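The file structure34.cif comes next; it holds mmCIF, N, CA and C atoms.
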data_target
loop_
_atom_site.label_atom_id
_atom_site.label_comp_id
_atom_site.auth_asym_id
_atom_site.auth_seq_id
_atom_site.Cartn_x
_atom_site.Cartn_y
_atom_site.Cartn_z
N MET A 1365 -26.94 -5.50 8.49
CA MET A 1365 -26.76 -5.05 7.12
C MET A 1365 -25.29 -4.69 6.90
N LYS A 1366 -24.72 -5.19 5.85
CA LYS A 1366 -23.32 -4.93 5.51
C LYS A 1366 -23.25 -3.71 4.60
N ILE A 1367 -22.31 -2.81 4.93
CA ILE A 1367 -22.15 -1.60 4.13
C ILE A 1367 -20.84 -1.69 3.37
N LYS A 1368 -20.88 -1.52 2.07
CA LYS A 1368 -19.67 -1.56 1.24
C LYS A 1368 -19.18 -0.14 1.02
N VAL A 1369 -17.89 0.06 1.27
CA VAL A 1369 -17.28 1.37 1.06
C VAL A 1369 -16.98 1.53 -0.42
N ILE A 1370 -17.38 2.64 -0.99
CA ILE A 1370 -17.10 2.93 -2.39
C ILE A 1370 -15.85 3.79 -2.42
N THR A 1371 -14.70 3.14 -2.72
CA THR A 1371 -13.42 3.84 -2.64
C THR A 1371 -13.27 4.93 -3.69
N SER A 1372 -14.02 4.88 -4.77
CA SER A 1372 -13.90 5.92 -5.80
C SER A 1372 -14.42 7.26 -5.29
N MET A 1373 -15.22 7.25 -4.23
CA MET A 1373 -15.76 8.49 -3.68
C MET A 1373 -14.89 9.02 -2.53
N ILE A 1374 -13.88 8.27 -2.15
CA ILE A 1374 -13.00 8.64 -1.05
C ILE A 1374 -11.78 9.33 -1.64
N LYS A 1375 -11.35 10.42 -1.01
CA LYS A 1375 -10.18 11.14 -1.49
C LYS A 1375 -8.92 10.28 -1.39
N GLU A 1376 -8.08 10.42 -2.39
CA GLU A 1376 -6.83 9.67 -2.46
C GLU A 1376 -5.80 10.28 -1.51
N LEU A 1377 -5.01 9.42 -0.91
CA LEU A 1377 -3.94 9.86 -0.03
C LEU A 1377 -2.90 10.63 -0.83
N ILE A 1378 -2.57 11.82 -0.36
CA ILE A 1378 -1.49 12.61 -0.94
C ILE A 1378 -0.48 12.82 0.19
N PRO A 1379 0.62 12.06 0.16
CA PRO A 1379 1.57 12.13 1.27
C PRO A 1379 2.38 13.43 1.26
N TYR A 1380 2.69 13.92 2.45
CA TYR A 1380 3.60 15.05 2.57
C TYR A 1380 4.99 14.56 2.20
N LYS A 1381 5.78 15.39 1.52
CA LYS A 1381 7.11 14.98 1.07
C LYS A 1381 8.02 14.58 2.23
N SER A 1382 7.82 15.18 3.38
CA SER A 1382 8.69 14.90 4.53
C SER A 1382 8.31 13.62 5.27
N ASP A 1383 7.15 13.04 4.96
CA ASP A 1383 6.70 11.83 5.64
C ASP A 1383 7.20 10.58 4.93
N HIS A 1384 7.72 9.66 5.70
CA HIS A 1384 8.16 8.36 5.20
C HIS A 1384 7.15 7.35 5.72
N ILE A 1385 6.38 6.78 4.81
CA ILE A 1385 5.18 6.02 5.19
C ILE A 1385 5.34 4.53 4.93
N PHE A 1386 4.94 3.77 5.93
CA PHE A 1386 4.91 2.31 5.87
C PHE A 1386 3.44 1.93 5.98
N CYS A 1387 2.87 1.37 4.92
CA CYS A 1387 1.45 0.97 4.91
C CYS A 1387 1.33 -0.53 5.11
N VAL A 1388 0.31 -0.93 5.85
CA VAL A 1388 0.06 -2.34 6.09
C VAL A 1388 -1.41 -2.64 5.88
N LYS A 1389 -1.71 -3.54 4.95
CA LYS A 1389 -3.09 -4.01 4.78
C LYS A 1389 -3.38 -4.98 5.91
N VAL A 1390 -4.33 -4.64 6.76
CA VAL A 1390 -4.64 -5.51 7.89
C VAL A 1390 -5.92 -6.31 7.69
N GLY A 1391 -6.54 -6.19 6.53
CA GLY A 1391 -7.73 -6.97 6.24
C GLY A 1391 -8.82 -6.15 5.61
N LYS A 1392 -9.95 -6.78 5.44
CA LYS A 1392 -11.10 -6.10 4.84
C LYS A 1392 -12.12 -5.68 5.88
N VAL A 1393 -11.89 -6.07 7.12
CA VAL A 1393 -12.83 -5.74 8.20
C VAL A 1393 -12.03 -5.20 9.38
N LYS A 1394 -12.48 -4.10 9.96
CA LYS A 1394 -11.82 -3.55 11.13
C LYS A 1394 -12.10 -4.47 12.32
N ARG A 1395 -11.03 -4.88 12.99
CA ARG A 1395 -11.18 -5.77 14.13
C ARG A 1395 -10.93 -5.03 15.42
N GLU A 1396 -11.02 -5.76 16.54
CA GLU A 1396 -10.92 -5.16 17.86
C GLU A 1396 -9.65 -4.36 18.10
N ASN A 1397 -8.47 -4.97 17.93
CA ASN A 1397 -7.24 -4.30 18.28
C ASN A 1397 -6.41 -3.99 17.04
N LEU A 1398 -6.74 -2.91 16.40
CA LEU A 1398 -6.10 -2.52 15.15
C LEU A 1398 -4.61 -2.24 15.35
N TYR A 1399 -4.24 -1.67 16.48
CA TYR A 1399 -2.83 -1.38 16.76
C TYR A 1399 -2.01 -2.67 16.75
N GLU A 1400 -2.46 -3.69 17.45
CA GLU A 1400 -1.71 -4.96 17.50
C GLU A 1400 -1.64 -5.61 16.13
N MET A 1401 -2.70 -5.52 15.35
CA MET A 1401 -2.70 -6.10 14.00
C MET A 1401 -1.72 -5.36 13.09
N THR A 1402 -1.55 -4.07 13.32
CA THR A 1402 -0.72 -3.25 12.46
C THR A 1402 0.75 -3.33 12.83
N ARG A 1403 1.06 -3.40 14.10
CA ARG A 1403 2.44 -3.22 14.57
C ARG A 1403 3.34 -4.44 14.45
N LYS A 1404 2.79 -5.63 14.24
CA LYS A 1404 3.65 -6.81 14.18
C LYS A 1404 3.18 -7.80 13.13
N TYR A 1405 3.90 -8.89 13.00
CA TYR A 1405 3.61 -9.99 12.08
C TYR A 1405 4.21 -9.82 10.69
N TRP A 1406 4.93 -8.73 10.40
CA TRP A 1406 5.33 -8.44 9.03
C TRP A 1406 6.77 -8.85 8.73
N VAL A 1407 6.95 -9.49 7.58
CA VAL A 1407 8.28 -9.84 7.10
C VAL A 1407 8.76 -8.62 6.31
N VAL A 1408 9.62 -7.82 6.94
CA VAL A 1408 10.12 -6.61 6.31
C VAL A 1408 11.60 -6.43 6.64
N ASN A 1409 12.25 -5.56 5.90
CA ASN A 1409 13.63 -5.21 6.17
C ASN A 1409 13.62 -4.23 7.34
N LEU A 1410 14.21 -4.62 8.46
CA LEU A 1410 14.19 -3.79 9.67
C LEU A 1410 14.83 -2.43 9.44
N GLU A 1411 15.93 -2.40 8.71
CA GLU A 1411 16.61 -1.12 8.46
C GLU A 1411 15.71 -0.17 7.67
N ARG A 1412 15.04 -0.69 6.66
CA ARG A 1412 14.15 0.16 5.84
C ARG A 1412 12.92 0.58 6.63
N ALA A 1413 12.29 -0.34 7.31
CA ALA A 1413 11.09 -0.04 8.09
C ALA A 1413 11.38 1.00 9.18
N SER A 1414 12.58 0.95 9.75
CA SER A 1414 12.96 1.87 10.82
C SER A 1414 13.00 3.33 10.37
N LYS A 1415 13.02 3.55 9.06
CA LYS A 1415 13.04 4.91 8.52
C LYS A 1415 11.64 5.53 8.46
N ALA A 1416 10.62 4.73 8.71
CA ALA A 1416 9.24 5.22 8.62
C ALA A 1416 8.92 6.23 9.72
N THR A 1417 8.29 7.32 9.32
CA THR A 1417 7.82 8.31 10.29
C THR A 1417 6.35 8.07 10.63
N HIS A 1418 5.66 7.32 9.76
CA HIS A 1418 4.23 7.02 9.94
C HIS A 1418 3.97 5.57 9.51
N VAL A 1419 3.09 4.91 10.24
CA VAL A 1419 2.64 3.57 9.85
C VAL A 1419 1.12 3.67 9.69
N LEU A 1420 0.63 3.29 8.51
CA LEU A 1420 -0.79 3.38 8.22
C LEU A 1420 -1.43 2.00 8.22
N ALA A 1421 -2.52 1.87 8.96
CA ALA A 1421 -3.31 0.64 8.98
C ALA A 1421 -4.36 0.76 7.89
N ILE A 1422 -4.29 -0.15 6.92
CA ILE A 1422 -5.19 -0.09 5.77
C ILE A 1422 -6.25 -1.18 5.89
N VAL A 1423 -7.51 -0.77 5.83
CA VAL A 1423 -8.63 -1.71 5.84
C VAL A 1423 -9.45 -1.43 4.59
N ASP A 1424 -9.54 -2.42 3.73
CA ASP A 1424 -10.31 -2.31 2.49
C ASP A 1424 -9.89 -1.08 1.68
N SER A 1425 -8.58 -0.88 1.51
CA SER A 1425 -7.97 0.19 0.72
C SER A 1425 -8.07 1.60 1.31
N VAL A 1426 -8.52 1.71 2.55
CA VAL A 1426 -8.69 3.02 3.19
C VAL A 1426 -7.87 3.06 4.48
N VAL A 1427 -7.25 4.22 4.75
CA VAL A 1427 -6.46 4.40 5.97
C VAL A 1427 -7.42 4.46 7.16
N GLU A 1428 -7.33 3.46 8.01
CA GLU A 1428 -8.21 3.36 9.18
C GLU A 1428 -7.56 3.97 10.41
N ALA A 1429 -6.23 3.89 10.50
CA ALA A 1429 -5.52 4.45 11.65
C ALA A 1429 -4.10 4.80 11.23
N VAL A 1430 -3.50 5.75 11.96
CA VAL A 1430 -2.12 6.18 11.71
C VAL A 1430 -1.36 6.08 13.03
N TYR A 1431 -0.18 5.49 12.96
CA TYR A 1431 0.66 5.34 14.15
C TYR A 1431 2.01 5.99 13.90
N ILE A 1432 2.57 6.54 14.95
CA ILE A 1432 3.91 7.13 14.91
C ILE A 1432 4.84 6.15 15.61
N PRO A 1433 5.70 5.47 14.85
CA PRO A 1433 6.58 4.48 15.47
C PRO A 1433 7.72 5.15 16.25
N LYS A 1434 8.01 4.61 17.41
CA LYS A 1434 9.11 5.10 18.24
C LYS A 1434 10.30 4.14 18.21
N GLU A 1435 10.01 2.86 18.00
CA GLU A 1435 11.06 1.84 18.00
C GLU A 1435 10.65 0.69 17.11
N TRP A 1436 11.60 0.18 16.33
CA TRP A 1436 11.41 -1.02 15.52
C TRP A 1436 12.38 -2.08 16.04
N LYS A 1437 11.95 -3.33 16.01
CA LYS A 1437 12.82 -4.42 16.47
C LYS A 1437 12.38 -5.73 15.84
N HIS A 1438 13.26 -6.72 15.93
CA HIS A 1438 12.89 -8.07 15.50
C HIS A 1438 11.93 -8.64 16.53
N SER A 1439 10.93 -9.34 16.06
CA SER A 1439 9.93 -9.93 16.95
C SER A 1439 10.49 -11.14 17.68
N GLU A 1440 10.30 -11.17 18.97
CA GLU A 1440 10.69 -12.36 19.76
C GLU A 1440 9.60 -13.42 19.66
N GLU A 1441 8.38 -12.98 19.52
CA GLU A 1441 7.22 -13.87 19.46
C GLU A 1441 7.07 -14.55 18.10
N HIS A 1442 7.47 -13.82 17.04
CA HIS A 1442 7.32 -14.33 15.67
C HIS A 1442 8.66 -14.23 14.94
N PRO A 1443 9.50 -15.26 15.03
CA PRO A 1443 10.83 -15.24 14.40
C PRO A 1443 10.76 -14.90 12.90
N GLY A 1444 11.72 -14.08 12.46
CA GLY A 1444 11.78 -13.69 11.06
C GLY A 1444 10.89 -12.51 10.71
N ARG A 1445 10.24 -11.97 11.72
CA ARG A 1445 9.33 -10.85 11.49
C ARG A 1445 9.74 -9.67 12.35
N CYS A 1446 9.26 -8.48 11.95
CA CYS A 1446 9.60 -7.26 12.69
C CYS A 1446 8.33 -6.64 13.25
N GLU A 1447 8.54 -5.77 14.25
CA GLU A 1447 7.41 -5.07 14.85
C GLU A 1447 7.86 -3.70 15.33
N PHE A 1448 6.90 -2.82 15.57
CA PHE A 1448 7.22 -1.51 16.10
C PHE A 1448 6.41 -1.24 17.36
N VAL A 1449 6.90 -0.27 18.12
CA VAL A 1449 6.18 0.24 19.28
C VAL A 1449 5.96 1.72 18.98
N GLY A 1450 4.76 2.21 19.19
CA GLY A 1450 4.48 3.60 18.90
C GLY A 1450 3.16 4.04 19.48
N HIS A 1451 2.68 5.17 19.00
CA HIS A 1451 1.40 5.68 19.48
C HIS A 1451 0.53 6.11 18.30
N GLU A 1452 -0.76 6.15 18.52
CA GLU A 1452 -1.71 6.50 17.48
C GLU A 1452 -1.79 8.01 17.31
N ASP A 1453 -1.85 8.45 16.06
CA ASP A 1453 -2.06 9.86 15.73
C ASP A 1453 -3.53 10.01 15.35
N LEU A 1454 -4.34 10.39 16.31
CA LEU A 1454 -5.79 10.47 16.12
C LEU A 1454 -6.22 11.60 15.20
N HIS A 1455 -5.33 12.55 14.95
CA HIS A 1455 -5.70 13.74 14.17
C HIS A 1455 -4.98 13.82 12.82
N SER A 1456 -4.44 12.70 12.36
CA SER A 1456 -3.71 12.69 11.10
C SER A 1456 -4.62 13.01 9.91
N ASP A 1457 -4.06 13.78 8.97
CA ASP A 1457 -4.78 14.09 7.73
C ASP A 1457 -4.95 12.85 6.85
N TYR A 1458 -4.20 11.80 7.13
CA TYR A 1458 -4.25 10.60 6.30
C TYR A 1458 -5.45 9.69 6.59
N ILE A 1459 -6.05 9.84 7.75
CA ILE A 1459 -7.18 8.97 8.14
C ILE A 1459 -8.35 9.18 7.17
N GLY A 1460 -8.88 8.05 6.70
CA GLY A 1460 -10.02 8.09 5.80
C GLY A 1460 -9.67 8.23 4.33
N LYS A 1461 -8.38 8.30 4.01
CA LYS A 1461 -7.96 8.46 2.61
C LYS A 1461 -7.72 7.09 1.97
N SER A 1462 -7.92 7.04 0.66
CA SER A 1462 -7.71 5.81 -0.11
C SER A 1462 -6.25 5.66 -0.50
N VAL A 1463 -5.75 4.42 -0.46
CA VAL A 1463 -4.38 4.13 -0.90
C VAL A 1463 -4.40 3.18 -2.09
N SER A 1464 -5.54 3.02 -2.72
CA SER A 1464 -5.66 2.03 -3.80
C SER A 1464 -4.70 2.32 -4.96
N SER A 1465 -4.40 3.57 -5.25
CA SER A 1465 -3.48 3.87 -6.35
C SER A 1465 -2.04 3.47 -6.02
N PHE A 1466 -1.68 3.41 -4.76
CA PHE A 1466 -0.33 3.00 -4.36
C PHE A 1466 -0.16 1.48 -4.44
N TYR A 1467 -1.23 0.75 -4.20
CA TYR A 1467 -1.15 -0.71 -4.20
C TYR A 1467 -1.41 -1.29 -5.58
N GLY A 1468 -2.28 -0.68 -6.35
CA GLY A 1468 -2.63 -1.25 -7.65
C GLY A 1468 -3.18 -2.65 -7.45
N LYS A 1469 -2.64 -3.62 -8.18
CA LYS A 1469 -3.10 -5.01 -8.04
C LYS A 1469 -2.16 -5.84 -7.17
N SER A 1470 -1.24 -5.16 -6.49
CA SER A 1470 -0.27 -5.86 -5.65
C SER A 1470 -0.95 -6.63 -4.53
N GLN A 1471 -0.48 -7.83 -4.28
CA GLN A 1471 -1.02 -8.63 -3.19
C GLN A 1471 -0.18 -8.52 -1.95
N ASN A 1472 0.97 -7.87 -2.05
CA ASN A 1472 1.83 -7.67 -0.89
C ASN A 1472 1.12 -6.76 0.09
N PRO A 1473 0.99 -7.15 1.35
CA PRO A 1473 0.28 -6.33 2.34
C PRO A 1473 1.05 -5.09 2.76
N VAL A 1474 2.35 -5.04 2.45
CA VAL A 1474 3.19 -3.92 2.88
C VAL A 1474 3.52 -3.04 1.68
N LYS A 1475 3.47 -1.72 1.91
CA LYS A 1475 3.83 -0.76 0.86
C LYS A 1475 4.59 0.39 1.51
N TYR A 1476 5.68 0.79 0.87
CA TYR A 1476 6.47 1.92 1.34
C TYR A 1476 6.16 3.13 0.46
N ILE A 1477 5.96 4.30 1.06
CA ILE A 1477 5.71 5.52 0.31
C ILE A 1477 6.73 6.57 0.77
N ASN A 1478 7.38 7.21 -0.17
CA ASN A 1478 8.43 8.22 0.10
C ASN A 1478 9.62 7.61 0.84
N MET A 1479 9.89 6.35 0.60
CA MET A 1479 11.02 5.70 1.27
C MET A 1479 11.94 5.07 0.24
#
Encoding of this model in structure tokens:
Amino acid sequence: MKIKVITSMIKELIPYKSDHIFCVKVGKVKRENLYEMTRKYWVVNLERASKATHVLAIVDSVVEAVYIPKEWKHSEEHPGRCEFVGHEDLHSDYIGKSVSSFYGKSQNPVKYINM
């Protein structure tokens, strides 16, 4: 049985002013390795992305995981793309929050908040 998340019942993300957030839509279904899906494959400005204090993995408009990036670099595996190395913040207040108001109808998988 497939369960549809009703995002209108989920609290909206309210970012802390001190947090610089890089959001990535990783799909509509949570897959096996969310960290790998979130940390690479993105065509972004390395200088701007490097300012992020938090990276949010977005699945179906909801924050599924939060990562704290330690290093950003150009991808050797995927030319023209950037990636980060970091660790998961299992206790972040952002987990489970909706980001639909930040994306609107945008089809771009990447969104910067407070940056």
Within stretch 1399-1462 of chain A, find each residue whose DSSP state, derived from the backbone, is strand (DSSP E or B), and express the selection as an NGL selection string. :A and (1406 or 1418-1423 or 1426-1438 or 1446-1452 or 1462)
Quick one: pull the distance between atom CA of A:Pro1473 and atom CA of A:Pro1379, Å, one decimal.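 It comes out at 18.5 Å.
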Taking the file as shown, find all residues satisfying the PyMOL selection byres (((chain A and resi 1406 and name CA) around 12) and name CA) and write them as a VMD selection string. chain A and resid 1386 to 1390 1400 to 1405 1407 to 1410 1413 1436 to 1439 1441 to 1448 1472 to 1475
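In this model, the gap between atom CA of A:Gly1450 and atom CA of A:Tyr1476 comes to 17.8 Å.
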Would you mind writing down, as a PyMOL selection string, each residue of chain A that DSSP on the backbone assigns to helix (DSSP H, G or I)? chain A and resi 1371-1373+1398-1403+1410-1413+1464-1467
Those residues you just picked out, can you put them in a file as a PDB file, in the frame of the given file with N, CA and C atoms?
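Final output, saved to part_1.pdb:
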ATOM      1  N   THR A1371     -14.700   3.140  -2.720  1.00  0.00           N
ATOM      2  CA  THR A1371     -13.420   3.840  -2.640  1.00  0.00           C
ATOM      3  C   THR A1371     -13.270   4.930  -3.690  1.00  0.00           C
ATOM      4  N   SER A1372     -14.020   4.880  -4.770  1.00  0.00           N
ATOM      5  CA  SER A1372     -13.900   5.920  -5.800  1.00  0.00           C
ATOM      6  C   SER A1372     -14.420   7.260  -5.290  1.00  0.00           C
ATOM      7  N   MET A1373     -15.220   7.250  -4.230  1.00  0.00           N
ATOM      8  CA  MET A1373     -15.760   8.490  -3.680  1.00  0.00           C
ATOM      9  C   MET A1373     -14.890   9.020  -2.530  1.00  0.00           C
ATOM     10  N   LEU A1398      -6.740  -2.910  16.400  1.00  0.00           N
ATOM     11  CA  LEU A1398      -6.100  -2.520  15.150  1.00  0.00           C
ATOM     12  C   LEU A1398      -4.610  -2.240  15.350  1.00  0.00           C
ATOM     13  N   TYR A1399      -4.240  -1.670  16.480  1.00  0.00           N
ATOM     14  CA  TYR A1399      -2.830  -1.380  16.760  1.00  0.00           C
ATOM     15  C   TYR A1399      -2.010  -2.670  16.750  1.00  0.00           C
ATOM     16  N   GLU A1400      -2.460  -3.690  17.450  1.00  0.00           N
ATOM     17  CA  GLU A1400      -1.710  -4.960  17.500  1.00  0.00           C
ATOM     18  C   GLU A1400      -1.640  -5.610  16.130  1.00  0.00           C
ATOM     19  N   MET A1401      -2.700  -5.520  15.350  1.00  0.00           N
ATOM     20  CA  MET A1401      -2.700  -6.100  14.000  1.00  0.00           C
ATOM     21  C   MET A1401      -1.720  -5.360  13.090  1.00  0.00           C
ATOM     22  N   THR A1402      -1.550  -4.070  13.320  1.00  0.00           N
ATOM     23  CA  THR A1402      -0.720  -3.250  12.460  1.00  0.00           C
ATOM     24  C   THR A1402       0.750  -3.330  12.830  1.00  0.00           C
ATOM     25  N   ARG A1403       1.060  -3.400  14.100  1.00  0.00           N
ATOM     26  CA  ARG A1403       2.440  -3.220  14.570  1.00  0.00           C
ATOM     27  C   ARG A1403       3.340  -4.440  14.450  1.00  0.00           C
ATOM     28  N   LEU A1410      14.210  -4.620   8.460  1.00  0.00           N
ATOM     29  CA  LEU A1410      14.190  -3.790   9.670  1.00  0.00           C
ATOM     30  C   LEU A1410      14.830  -2.430   9.440  1.00  0.00           C
ATOM     31  N   GLU A1411      15.930  -2.400   8.710  1.00  0.00           N
ATOM     32  CA  GLU A1411      16.610  -1.120   8.460  1.00  0.00           C
ATOM     33  C   GLU A1411      15.710  -0.170   7.670  1.00  0.00           C
ATOM     34  N   ARG A1412      15.040  -0.690   6.660  1.00  0.00           N
ATOM     35  CA  ARG A1412      14.150   0.160   5.840  1.00  0.00           C
ATOM     36  C   ARG A1412      12.920   0.580   6.630  1.00  0.00           C
ATOM     37  N   ALA A1413      12.290  -0.340   7.310  1.00  0.00           N
ATOM     38  CA  ALA A1413      11.090  -0.040   8.090  1.00  0.00           C
ATOM     39  C   ALA A1413      11.380   1.000   9.180  1.00  0.00           C
ATOM     40  N   SER A1464      -5.540   3.020  -2.720  1.00  0.00           N
ATOM     41  CA  SER A1464      -5.660   2.030  -3.800  1.00  0.00           C
ATOM     42  C   SER A1464      -4.700   2.320  -4.960  1.00  0.00           C
ATOM     43  N   SER A1465      -4.400   3.570  -5.250  1.00  0.00           N
ATOM     44  CA  SER A1465      -3.480   3.870  -6.350  1.00  0.00           C
ATOM     45  C   SER A1465      -2.040   3.470  -6.020  1.00  0.00           C
ATOM     46  N   PHE A1466      -1.680   3.410  -4.760  1.00  0.00           N
ATOM     47  CA  PHE A1466      -0.330   3.000  -4.360  1.00  0.00           C
ATOM     48  C   PHE A1466      -0.160   1.480  -4.440  1.00  0.00           C
ATOM     49  N   TYR A1467      -1.230   0.750  -4.200  1.00  0.00           N
ATOM     50  CA  TYR A1467      -1.150  -0.710  -4.200  1.00  0.00           C
ATOM     51  C   TYR A1467      -1.410  -1.290  -5.580  1.00  0.00           C
TER      52      TYR A1467
END
Expanded to explicit residues, what is the PyMOL selection byres (((chain A and resi 1425-1435 and name CA) around 7) and name CA) for this file, as a PyMOL selection string? chain A and resi 1417-1424+1436-1437+1448-1453+1456+1458-1464
Go through A:Ser1465, A:Ala1416, A:Asp1457, A:Glu1411 and flag the residue nearest A:Asp1383, using all atoms listed in the file for the distances. A:Ala1416
Length of the atom CA of A:Leu1377 to atom CA of A:Ser1470 vector [Å]: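 Atom-to-atom, atom CA of A:Leu1377 and atom CA of A:Ser1470 are spaced 17.1 Å apart.
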Is it possible to get the axis-aligned box enclosing stretch 1384-1393 of chain A (all listed atoms, 4 Å extra per side) as JSON, with centre and edge lengths in Å rounded to one decimal?
{"center_x": -2.3, "center_y": 1.3, "center_z": 7.1, "size_x": 29.0, "size_y": 24.6, "size_z": 12.6}
